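So this block is protein_19.pdb, PDB, C-alpha atoms:
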```pdb
ATOM      1  CA  MET A 344      13.854  11.257   1.143
ATOM      2  CA  ARG A 345      13.870  13.805   3.971
ATOM      3  CA  ARG A 346      16.760  13.537   6.469
ATOM      4  CA  TRP A 347      17.208  14.784   9.993
ATOM      5  CA  PRO A 348      18.344  18.392  10.148
ATOM      6  CA  LEU A 349      22.118  18.489  10.476
ATOM      7  CA  ALA A 350      21.904  20.478  13.708
ATOM      8  CA  HIS A 351      19.776  17.773  15.367
ATOM      9  CA  LEU A 352      22.213  15.046  14.369
ATOM     10  CA  ILE A 353      25.259  16.979  15.635
ATOM     11  CA  ALA A 354      23.485  17.796  18.911
ATOM     12  CA  SER A 355      22.595  14.124  19.453
ATOM     13  CA  LEU A 356      26.162  12.968  18.832
ATOM     14  CA  MET A 357      27.571  15.669  21.155
ATOM     15  CA  ALA A 358      25.153  14.618  23.895
ATOM     16  CA  ALA A 359      26.189  10.994  23.489
ATOM     17  CA  ALA A 360      29.885  11.946  23.677
ATOM     18  CA  ALA A 361      29.314  14.098  26.787
ATOM     19  CA  HIS A 362      27.493  11.238  28.484
ATOM     20  CA  ALA A 363      30.378   8.900  27.700
ATOM     21  CA  GLN A 364      32.912  11.367  29.189
ATOM     22  CA  GLU A 365      30.859  11.735  32.394
ATOM     23  CA  SER A 366      30.818   7.938  32.758
ATOM     24  CA  ASN A 367      34.631   7.602  32.503
ATOM     25  CA  GLY A 368      36.288   6.074  35.546
ATOM     26  CA  PRO A 369      39.954   5.879  36.512
ATOM     27  CA  ASN A 370      40.399   2.844  34.265
ATOM     28  CA  GLY A 371      38.705   4.346  31.231
ATOM     29  CA  PRO A 372      35.157   4.593  30.007
ATOM     30  CA  SER A 373      32.700   2.304  31.741
ATOM     31  CA  GLU A 374      30.010   2.529  29.028
ATOM     32  CA  PRO A 375      30.640   2.287  25.253
ATOM     33  CA  ILE A 376      29.389   5.011  22.943
ATOM     34  CA  GLN A 377      28.122   2.547  20.318
ATOM     35  CA  PRO A 378      24.633   2.110  21.875
ATOM     36  CA  ALA A 379      24.079   5.859  21.830
ATOM     37  CA  VAL A 380      25.112   6.107  18.170
ATOM     38  CA  ALA A 381      22.878   3.142  17.303
ATOM     39  CA  ALA A 382      19.957   4.835  19.052
ATOM     40  CA  VAL A 383      20.529   7.999  17.021
ATOM     41  CA  ALA A 384      20.571   5.957  13.772
ATOM     42  CA  ALA A 385      17.388   4.104  14.720
ATOM     43  CA  ALA A 386      15.615   7.339  15.577
ATOM     44  CA  THR A 387      16.756   8.844  12.275
ATOM     45  CA  GLU A 388      15.220   5.952  10.325
ATOM     46  CA  ALA A 389      11.944   5.995  12.278
ATOM     47  CA  ASP A 390      11.612   9.769  11.908
ATOM     48  CA  ASP A 391      11.677   9.629   8.087
ATOM     49  CA  PRO A 392       8.068  10.234   6.915
ATOM     50  CA  GLY A 393       9.107  10.338   3.248
ATOM     51  CA  ALA A 394      10.034   6.666   3.025
ATOM     52  CA  TRP A 395       8.099   4.190   0.894
ATOM     53  CA  ARG A 396       5.744   2.141   3.058
ATOM     54  CA  GLY A 397       3.542  -0.798   2.197
ATOM     55  CA  ARG A 398       3.637  -4.524   1.587
ATOM     56  CA  MET A 399       4.384  -7.238  -0.944
ATOM     57  CA  THR A 400       2.173 -10.319  -0.657
ATOM     58  CA  ALA A 401       2.624 -13.755  -2.217
ATOM     59  CA  SER A 402       0.239 -16.706  -2.140
ATOM     60  CA  LEU A 403       0.939 -20.104  -3.667
ATOM     61  CA  SER A 404      -1.085 -23.332  -3.899
ATOM     62  CA  ALA A 405      -0.410 -26.643  -5.628
ATOM     63  CA  THR A 406      -2.111 -30.059  -5.707
ATOM     64  CA  SER A 407      -1.258 -33.383  -7.371
ATOM     65  CA  GLY A 408      -2.751 -36.854  -7.652
ATOM     66  CA  ASN A 409      -5.978 -37.499  -9.542
ATOM     67  CA  GLY A 410      -5.887 -33.857 -10.493
ATOM     68  CA  ARG A 411      -3.183 -31.225 -10.633
ATOM     69  CA  THR A 412      -3.524 -27.489  -9.988
ATOM     70  CA  ARG A 413      -1.053 -24.666  -9.552
ATOM     71  CA  ALA A 414      -1.803 -21.084  -8.570
ATOM     72  CA  LEU A 415       0.427 -18.114  -7.812
ATOM     73  CA  GLN A 416      -0.456 -14.528  -6.971
ATOM     74  CA  VAL A 417       1.920 -11.693  -6.119
ATOM     75  CA  ASP A 418       0.695  -8.186  -5.380
ATOM     76  CA  THR A 419       2.347  -5.015  -4.131
ATOM     77  CA  ASP A 420       0.849  -1.910  -2.533
ATOM     78  CA  VAL A 421       3.229   0.902  -1.528
ATOM     79  CA  SER A 422       2.865   4.626  -0.922
ATOM     80  CA  ARG A 423       5.024   7.579   0.011
ATOM     81  CA  LYS A 424       3.958  10.822   1.680
ATOM     82  CA  ARG A 425       5.844  14.041   1.218
ATOM     83  CA  SER A 426       5.036  17.610   2.123
ATOM     84  CA  GLY A 427       1.894  18.456   0.194
ATOM     85  CA  GLY A 428       1.420  15.151  -1.604
ATOM     86  CA  LYS A 429       1.192  11.369  -1.697
ATOM     87  CA  THR A 430       2.178   8.805  -4.351
ATOM     88  CA  THR A 431       0.643   5.312  -4.423
ATOM     89  CA  LEU A 432       1.738   2.359  -6.565
ATOM     90  CA  THR A 433       0.006  -1.028  -6.868
ATOM     91  CA  ALA A 434       0.797  -4.098  -8.980
ATOM     92  CA  LEU A 435      -0.708  -7.574  -9.372
ATOM     93  CA  ILE A 436       0.253 -10.824 -11.123
ATOM     94  CA  ASN A 437      -2.017 -13.875 -10.974
ATOM     95  CA  GLU A 438      -1.377 -17.172 -12.780
ATOM     96  CA  ALA A 439      -3.256 -20.464 -12.311
ATOM     97  CA  GLN A 440      -3.480 -23.762 -14.208
ATOM     98  CA  SER A 441      -5.301 -27.048 -13.757
ATOM     99  CA  GLY A 442      -5.030 -30.451 -15.463
ATOM    100  CA  VAL A 443      -2.166 -32.617 -16.677
ATOM    101  CA  GLY A 444      -0.307 -32.719 -19.989
ATOM    102  CA  ARG A 445      -2.428 -31.859 -23.009
ATOM    103  CA  ASP A 446      -5.465 -31.422 -20.774
ATOM    104  CA  ARG A 447      -3.805 -28.564 -18.894
ATOM    105  CA  GLU A 448      -5.975 -25.440 -18.835
ATOM    106  CA  THR A 449      -5.100 -21.907 -17.839
ATOM    107  CA  THR A 450      -7.750 -20.761 -15.389
ATOM    108  CA  SER A 451      -6.249 -17.377 -14.494
ATOM    109  CA  ALA A 452      -3.712 -15.195 -16.297
ATOM    110  CA  ARG A 453      -3.982 -11.598 -15.143
ATOM    111  CA  TRP A 454      -1.671  -8.698 -14.451
ATOM    112  CA  GLY A 455      -2.285  -5.055 -13.666
ATOM    113  CA  PHE A 456      -0.847  -1.911 -12.123
ATOM    114  CA  THR A 457      -1.929   1.568 -11.020
ATOM    115  CA  ALA A 458      -0.009   4.742 -10.214
ATOM    116  CA  GLN A 459      -1.692   7.701  -8.523
ATOM    117  CA  HIS A 460      -0.362  11.013  -7.231
ATOM    118  CA  ASP A 461      -2.362  13.214  -4.850
ATOM    119  CA  ARG A 462      -1.469  16.876  -4.435
ATOM    120  CA  ASP A 463      -2.948  18.698  -1.447
ATOM    121  CA  ILE A 464      -4.840  21.905  -2.224
ATOM    122  CA  ASP A 465      -5.441  22.611   1.466
ATOM    123  CA  ALA A 466      -5.806  20.579   4.659
ATOM    124  CA  GLN A 467      -9.038  18.902   3.463
ATOM    125  CA  HIS A 468      -8.955  18.887  -0.354
ATOM    126  CA  PHE A 469      -6.587  17.413  -2.936
ATOM    127  CA  ALA A 470      -6.211  16.955  -6.692
ATOM    128  CA  PHE A 471      -5.165  13.655  -8.198
ATOM    129  CA  ALA A 472      -3.800  12.155 -11.413
ATOM    130  CA  ARG A 473      -4.048   8.434 -12.052
ATOM    131  CA  ILE A 474      -2.997   5.886 -14.664
ATOM    132  CA  GLY A 475      -3.845   2.195 -14.651
ATOM    133  CA  ALA A 476      -3.516  -0.818 -16.932
ATOM    134  CA  ASP A 477      -4.516  -4.480 -16.799
ATOM    135  CA  SER A 478      -4.627  -7.589 -18.993
ATOM    136  CA  ASP A 479      -6.408 -10.958 -18.832
ATOM    137  CA  ARG A 480      -5.518 -13.738 -21.274
ATOM    138  CA  VAL A 481      -8.440 -15.944 -20.180
ATOM    139  CA  VAL A 482     -10.981 -13.487 -21.632
ATOM    140  CA  ASP A 483      -8.664 -12.418 -24.488
ATOM    141  CA  LEU A 484      -8.194  -8.949 -22.986
ATOM    142  CA  ALA A 485      -4.905  -7.753 -24.444
ATOM    143  CA  LEU A 486      -4.791  -4.408 -22.649
ATOM    144  CA  ARG A 487      -7.126  -2.023 -20.871
ATOM    145  CA  THR A 488      -5.809   1.384 -19.795
ATOM    146  CA  GLN A 489      -7.389   4.211 -17.850
ATOM    147  CA  LEU A 490      -6.293   7.837 -17.432
ATOM    148  CA  ALA A 491      -8.036   9.988 -14.822
ATOM    149  CA  LEU A 492      -7.847  13.484 -13.331
ATOM    150  CA  GLY A 493     -10.003  14.778 -10.505
ATOM    151  CA  LEU A 494     -10.499  16.166  -7.022
ATOM    152  CA  GLY A 495     -10.895  14.560  -3.622
ATOM    153  CA  ARG A 496     -11.461  15.295   0.035
ATOM    154  CA  HIS A 497      -9.937  13.964   3.260
ATOM    155  CA  LEU A 498     -12.958  13.134   5.441
ATOM    156  CA  ILE A 499     -10.828  11.442   8.118
ATOM    157  CA  ASP A 500      -7.089  11.902   8.468
ATOM    158  CA  ASP A 501      -5.420  10.905  11.752
ATOM    159  CA  ASP A 502      -2.879   8.390  13.020
ATOM    160  CA  GLU A 503      -5.393   5.548  13.375
ATOM    161  CA  ARG A 504      -7.827   6.055  10.483
ATOM    162  CA  SER A 505      -8.065   7.736   7.088
ATOM    163  CA  LEU A 506     -10.959   8.118   4.668
ATOM    164  CA  ASP A 507     -10.741   9.828   1.273
ATOM    165  CA  VAL A 508     -13.477  10.324  -1.320
ATOM    166  CA  PHE A 509     -12.714  11.358  -4.899
ATOM    167  CA  ALA A 510     -14.327  12.079  -8.260
ATOM    168  CA  GLY A 511     -13.002  13.024 -11.677
ATOM    169  CA  ALA A 512     -12.998  12.580 -15.437
ATOM    170  CA  ALA A 513     -11.504   9.443 -16.982
ATOM    171  CA  ARG A 514     -10.738   7.947 -20.383
ATOM    172  CA  ASN A 515     -10.818   4.175 -20.987
ATOM    173  CA  PHE A 516      -9.133   2.271 -23.836
ATOM    174  CA  THR A 517      -9.765  -1.485 -24.265
ATOM    175  CA  ARG A 518      -8.119  -3.795 -26.805
ATOM    176  CA  TYR A 519      -8.828  -7.529 -27.235
ATOM    177  CA  ARG A 520      -6.654 -10.172 -28.900
ATOM    178  CA  GLU A 521      -9.504 -11.090 -31.226
ATOM    179  CA  PRO A 522     -12.579  -9.105 -32.345
ATOM    180  CA  GLN A 523     -15.464  -9.353 -29.850
ATOM    181  CA  LEU A 524     -19.206  -8.694 -30.064
ATOM    182  CA  ILE A 525     -19.853  -6.333 -27.150
ATOM    183  CA  GLY A 526     -22.855  -4.048 -26.793
ATOM    184  CA  GLY A 527     -23.957  -4.751 -30.368
ATOM    185  CA  LYS A 528     -20.566  -3.738 -31.787
ATOM    186  CA  PHE A 529     -18.119  -6.226 -33.332
ATOM    187  CA  SER A 530     -14.612  -4.847 -32.897
ATOM    188  CA  GLN A 531     -11.195  -5.461 -31.422
ATOM    189  CA  GLN A 532     -10.908  -2.014 -29.786
ATOM    190  CA  PHE A 533     -13.318  -0.058 -27.597
ATOM    191  CA  SER A 534     -13.050   3.289 -25.826
ATOM    192  CA  SER A 535     -15.149   5.674 -23.743
ATOM    193  CA  THR A 536     -14.969   8.864 -21.687
ATOM    194  CA  GLY A 537     -16.729   9.040 -18.360
ATOM    195  CA  LEU A 538     -16.707   9.704 -14.633
ATOM    196  CA  LEU A 539     -14.545   8.024 -11.979
ATOM    197  CA  LEU A 540     -15.949   7.948  -8.420
ATOM    198  CA  GLY A 541     -14.690   6.201  -5.312
ATOM    199  CA  ASN A 542     -13.377   6.107  -1.782
ATOM    200  CA  GLU A 543     -10.372   4.722   0.075
ATOM    201  CA  TYR A 544     -10.381   3.776   3.771
ATOM    202  CA  SER A 545      -7.750   2.395   6.128
ATOM    203  CA  GLU A 546      -7.799   1.722   9.864
ATOM    204  CA  GLN A 547      -5.154   0.549  12.315
ATOM    205  CA  VAL A 548      -7.521  -1.706  14.254
ATOM    206  CA  SER A 549      -4.821  -2.621  16.772
ATOM    207  CA  PRO A 550      -1.018  -2.343  16.926
ATOM    208  CA  THR A 551      -0.791  -5.580  14.894
ATOM    209  CA  VAL A 552      -3.925  -5.461  12.689
ATOM    210  CA  LEU A 553      -4.455  -3.181   9.657
ATOM    211  CA  PHE A 554      -7.651  -3.028   7.555
ATOM    212  CA  LYS A 555      -7.808  -1.383   4.103
ATOM    213  CA  GLN A 556     -10.664  -0.921   1.622
ATOM    214  CA  ARG A 557     -10.944   0.777  -1.764
ATOM    215  CA  LEU A 558     -14.056   1.154  -3.903
ATOM    216  CA  GLU A 559     -14.042   2.763  -7.327
ATOM    217  CA  GLY A 560     -16.630   2.972 -10.080
ATOM    218  CA  TYR A 561     -16.403   4.150 -13.665
ATOM    219  CA  VAL A 562     -19.420   5.277 -15.699
ATOM    220  CA  GLY A 563     -18.872   5.692 -19.437
ATOM    221  CA  LEU A 564     -20.793   8.608 -20.948
ATOM    222  CA  ASP A 565     -19.973   8.010 -24.616
ATOM    223  CA  GLY A 566     -18.421   5.398 -26.887
ATOM    224  CA  ASN A 567     -18.714   1.939 -25.362
ATOM    225  CA  ARG A 568     -20.648   3.312 -22.343
ATOM    226  CA  ASP A 569     -19.115   0.685 -20.091
ATOM    227  CA  ARG A 570     -19.734   0.463 -16.341
ATOM    228  CA  LEU A 571     -16.839  -0.753 -14.236
ATOM    229  CA  LEU A 572     -16.932  -1.366 -10.482
ATOM    230  CA  LYS A 573     -14.045  -2.648  -8.375
ATOM    231  CA  LEU A 574     -13.957  -3.382  -4.648
ATOM    232  CA  THR A 575     -10.781  -4.464  -2.855
ATOM    233  CA  THR A 576     -10.413  -5.143   0.867
ATOM    234  CA  SER A 577      -7.549  -6.571   2.900
ATOM    235  CA  LEU A 578      -6.857  -7.507   6.515
ATOM    236  CA  GLN A 579      -3.215  -7.615   7.534
ATOM    237  CA  VAL A 580      -2.150  -9.289  10.805
ATOM    238  CA  ASP A 581       1.466  -8.894  11.906
ATOM    239  CA  VAL A 582       3.384 -12.088  12.648
ATOM    240  CA  THR A 583       6.781 -10.440  13.162
ATOM    241  CA  ARG A 584       8.117  -6.935  12.643
ATOM    242  CA  ARG A 585       8.573  -7.608   8.912
ATOM    243  CA  LEU A 586       6.134 -10.447   8.140
ATOM    244  CA  ALA A 587       2.339 -10.451   8.204
ATOM    245  CA  LEU A 588      -0.542 -12.718   7.226
ATOM    246  CA  THR A 589      -2.852 -11.012   4.704
ATOM    247  CA  VAL A 590      -6.382 -11.983   3.672
ATOM    248  CA  ALA A 591      -7.651 -10.077   0.618
ATOM    249  CA  LEU A 592     -10.984  -9.965  -1.197
ATOM    250  CA  SER A 593     -11.418  -8.491  -4.682
ATOM    251  CA  ASP A 594     -14.620  -8.159  -6.717
ATOM    252  CA  THR A 595     -14.680  -6.641 -10.212
ATOM    253  CA  TYR A 596     -17.816  -5.945 -12.273
ATOM    254  CA  ASN A 597     -17.967  -5.058 -15.985
ATOM    255  CA  ASN A 598     -21.302  -4.636 -17.760
ATOM    256  CA  ARG A 599     -19.740  -4.768 -21.265
ATOM    257  CA  VAL A 600     -18.467  -8.308 -21.844
ATOM    258  CA  ALA A 601     -18.697 -10.845 -24.655
ATOM    259  CA  ALA A 602     -21.625 -13.276 -24.708
ATOM    260  CA  ASP A 603     -19.574 -16.203 -23.333
ATOM    261  CA  GLN A 604     -18.065 -14.207 -20.442
ATOM    262  CA  LYS A 605     -19.306 -13.430 -16.939
ATOM    263  CA  ARG A 606     -19.656  -9.891 -15.673
ATOM    264  CA  ASN A 607     -18.226 -10.554 -12.196
ATOM    265  CA  ASP A 608     -14.736 -11.675 -11.177
ATOM    266  CA  LEU A 609     -14.413 -12.556  -7.480
ATOM    267  CA  SER A 610     -11.221 -13.659  -5.747
ATOM    268  CA  LEU A 611     -10.310 -14.448  -2.145
ATOM    269  CA  THR A 612      -6.634 -14.966  -1.329
ATOM    270  CA  THR A 613      -4.547 -15.613   1.771
ATOM    271  CA  GLY A 614      -0.835 -14.985   1.641
ATOM    272  CA  LEU A 615       2.323 -13.995   3.474
ATOM    273  CA  SER A 616       3.287 -10.322   3.275
ATOM    274  CA  VAL A 617       6.663  -8.666   3.585
ATOM    275  CA  LYS A 618       6.532  -5.121   4.921
ATOM    276  CA  ILE A 619       8.273  -2.391   2.937
ATOM    277  CA  GLY A 620       9.657   0.669   4.679
ATOM    278  CA  PRO A 621      10.735   1.589   8.229
TER     279      PRO A 621
END
```
Could you take the file, read its structure, and then write that structure out as structure tokens?
Amino acid sequence: MRRWPLAHLIASLMAAAAHAQESNGPNGPSEPIQPAVAAVAAATEADDPGAWRGRMTASLSATSGNGRTRALQVDTDVSRKRSGGKTTLTALINEAQSGVGRDRETTSARWGFTAQHDRDIDAQHFAFARIGADSDRVVDLALRTQLALGLGRHLIDDDERSLDVFAGAARNFTRYREPQLIGGKFSQQFSSTGLLLGNEYSEQVSPTVLFKQRLEGYVGLDGNRDRLLKLTTSLQVDVTRRLALTVALSDTYNNRVAADQKRNDLSLTTGLSVKIGP
């Protein structure tokens, strides 16, 4: 984490002390020095561009009576910028059940995470490395992992908006809990090598409204030859300095699924977010 230069901090404290001495009257100082020190500390925190920034969102729903349902989703999206690079981490947990007693059914049981590091080549271009994993008990997906390396470009990069496009090579590994018949092959494990393409956009619509969108597609060129497409969007509206209301939409498409499974997974959630960072 980058700190204020020592000279700046000393100069600020000396200025605050000098101001306090000038304000001294015959009965002692008329203004305390604490507000000046507090202002220096606040400025130090706000001036730290290397801090982790993002949000953690939780949404919960429950019903009872003739029917009973419970659903919980927690997701996190944080990033940190340092000189010449950016690191982004995301995580998701989603659990949902319906029914009572022996008739209880799990309708959603997913988790996933991604970690990506971007390294600037110049002001407009960057290289990236990415790893991701996810699991879904409802469709017997034990684990799917993806490793990717590639290049990208900053098309827009200012205080209000940012737009990145990227492309690279990726390797997918998929393992199910039980053997599945997918694409004419009966197996428990599938893999492929292909291309990863996508874009990421964010816009500070107003001082209290933030919009984010990410679209990524994977095209397998060998092995399972799977096609994966994922779109995520979110609208975050500040309620207080630390709390925000977040509406998120996620749509995932997979062309290689078992015969009794659907290719699309669509989810719309509304939750309360806690801001992370200064």
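Here the question is which of A:Leu539, A:Ala394, A:Leu564, A:Val481 gets nearest to A:Arg425 using only C-alpha atoms, and that residue is A:Ala394.
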Residues returned when the PyMOL selection byres ((chain A and resi 576) around 7) runs on this file, as a PyMOL selection string: chain A and resi 555-557+574-575+577+591-593
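Atom CA of A:Val548 to atom CA of A:Leu586 spans 17.3 Å [interatomic distance, one decimal].
Using the PyMOL selection byres ((chain A and resi 567) around 9) on this structure selects A:Ile525, A:Gly526, A:Lys528, A:Phe533, A:Ser534, A:Ser535, A:Thr536, A:Gly563, A:Leu564, A:Asp565, A:Gly566, A:Arg568, A:Asp569, A:Arg599.
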For the structure shown, which residues end up in the PyMOL selection byres ((chain A and resi 463) around 12)? Put them as a JSON list (two decimals) with C-alpha atoms, in the frame of the given file, please?
```json
[["chain", "number", "residue", "atom", "x", "y", "z"],
["A", 424, "LYS", "CA", 3.96, 10.82, 1.68],
["A", 425, "ARG", "CA", 5.84, 14.04, 1.22],
["A", 426, "SER", "CA", 5.04, 17.61, 2.12],
["A", 427, "GLY", "CA", 1.89, 18.46, 0.19],
["A", 428, "GLY", "CA", 1.42, 15.15, -1.60],
["A", 429, "LYS", "CA", 1.19, 11.37, -1.70],
["A", 430, "THR", "CA", 2.18, 8.80, -4.35],
["A", 460, "HIS", "CA", -0.36, 11.01, -7.23],
["A", 461, "ASP", "CA", -2.36, 13.21, -4.85],
["A", 462, "ARG", "CA", -1.47, 16.88, -4.43],
["A", 464, "ILE", "CA", -4.84, 21.90, -2.22],
["A", 465, "ASP", "CA", -5.44, 22.61, 1.47],
["A", 466, "ALA", "CA", -5.81, 20.58, 4.66],
["A", 467, "GLN", "CA", -9.04, 18.90, 3.46],
["A", 468, "HIS", "CA", -8.96, 18.89, -0.35],
["A", 469, "PHE", "CA", -6.59, 17.41, -2.94],
["A", 470, "ALA", "CA", -6.21, 16.95, -6.69],
["A", 471, "PHE", "CA", -5.16, 13.66, -8.20],
["A", 472, "ALA", "CA", -3.80, 12.16, -11.41],
["A", 494, "LEU", "CA", -10.50, 16.17, -7.02],
["A", 495, "GLY", "CA", -10.90, 14.56, -3.62],
["A", 496, "ARG", "CA", -11.46, 15.30, 0.04],
["A", 497, "HIS", "CA", -9.94, 13.96, 3.26]]
```
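Residues in contact with A:Leu432 at up to 8 Å, not including ones fewer than 4 positions away on its chain and judged by only C-alpha atoms, are Thr419, Asp420, Val421, Ser422, Phe456, Thr457, Ala458 and Gln459 of chain A.
Going from atom CA of A:Val482 over to atom CA of A:Arg518, you cover 11.4 Å.
Residue nearest A:Gln604, chosen from A:Leu588, A:Leu415, A:Leu524, A:Leu558 and counting all atoms listed in the file: A:Leu524.
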Using all atoms of stretch 558-575 of chain A that appear in the file, construct an axis-aligned enclosing box with 8 Å of padding on every side and provide its centre coordinates and edge lengths in Å, rounded to one decimal, as JSON.
```
{"center_x": -15.8, "center_y": 2.1, "center_z": -14.9, "size_x": 26.0, "size_y": 29.1, "size_z": 40.0}
```
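For the choices A:Arg396, A:Arg411, A:Arg445, A:Arg480, the atom-to-atom distance to A:Pro621 is smallest for A:Arg396 when using all atoms listed in the file.
Closest approach to A:Arg453 among A:Gln416, A:Ser616, A:Ser402, A:Asn542: A:Gln416, based on only C-alpha atoms.
Here the question is which of A:Leu572, A:Ala405, A:Leu484, A:Leu615 gets nearest to A:Thr517 using only C-alpha atoms, and that residue is A:Leu484.
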Within 7 Å of A:Thr488 using only C-alpha atoms, minus same-chain residues under 3 positions, as a PyMOL selection string: chain A and resi 475-477+515-517
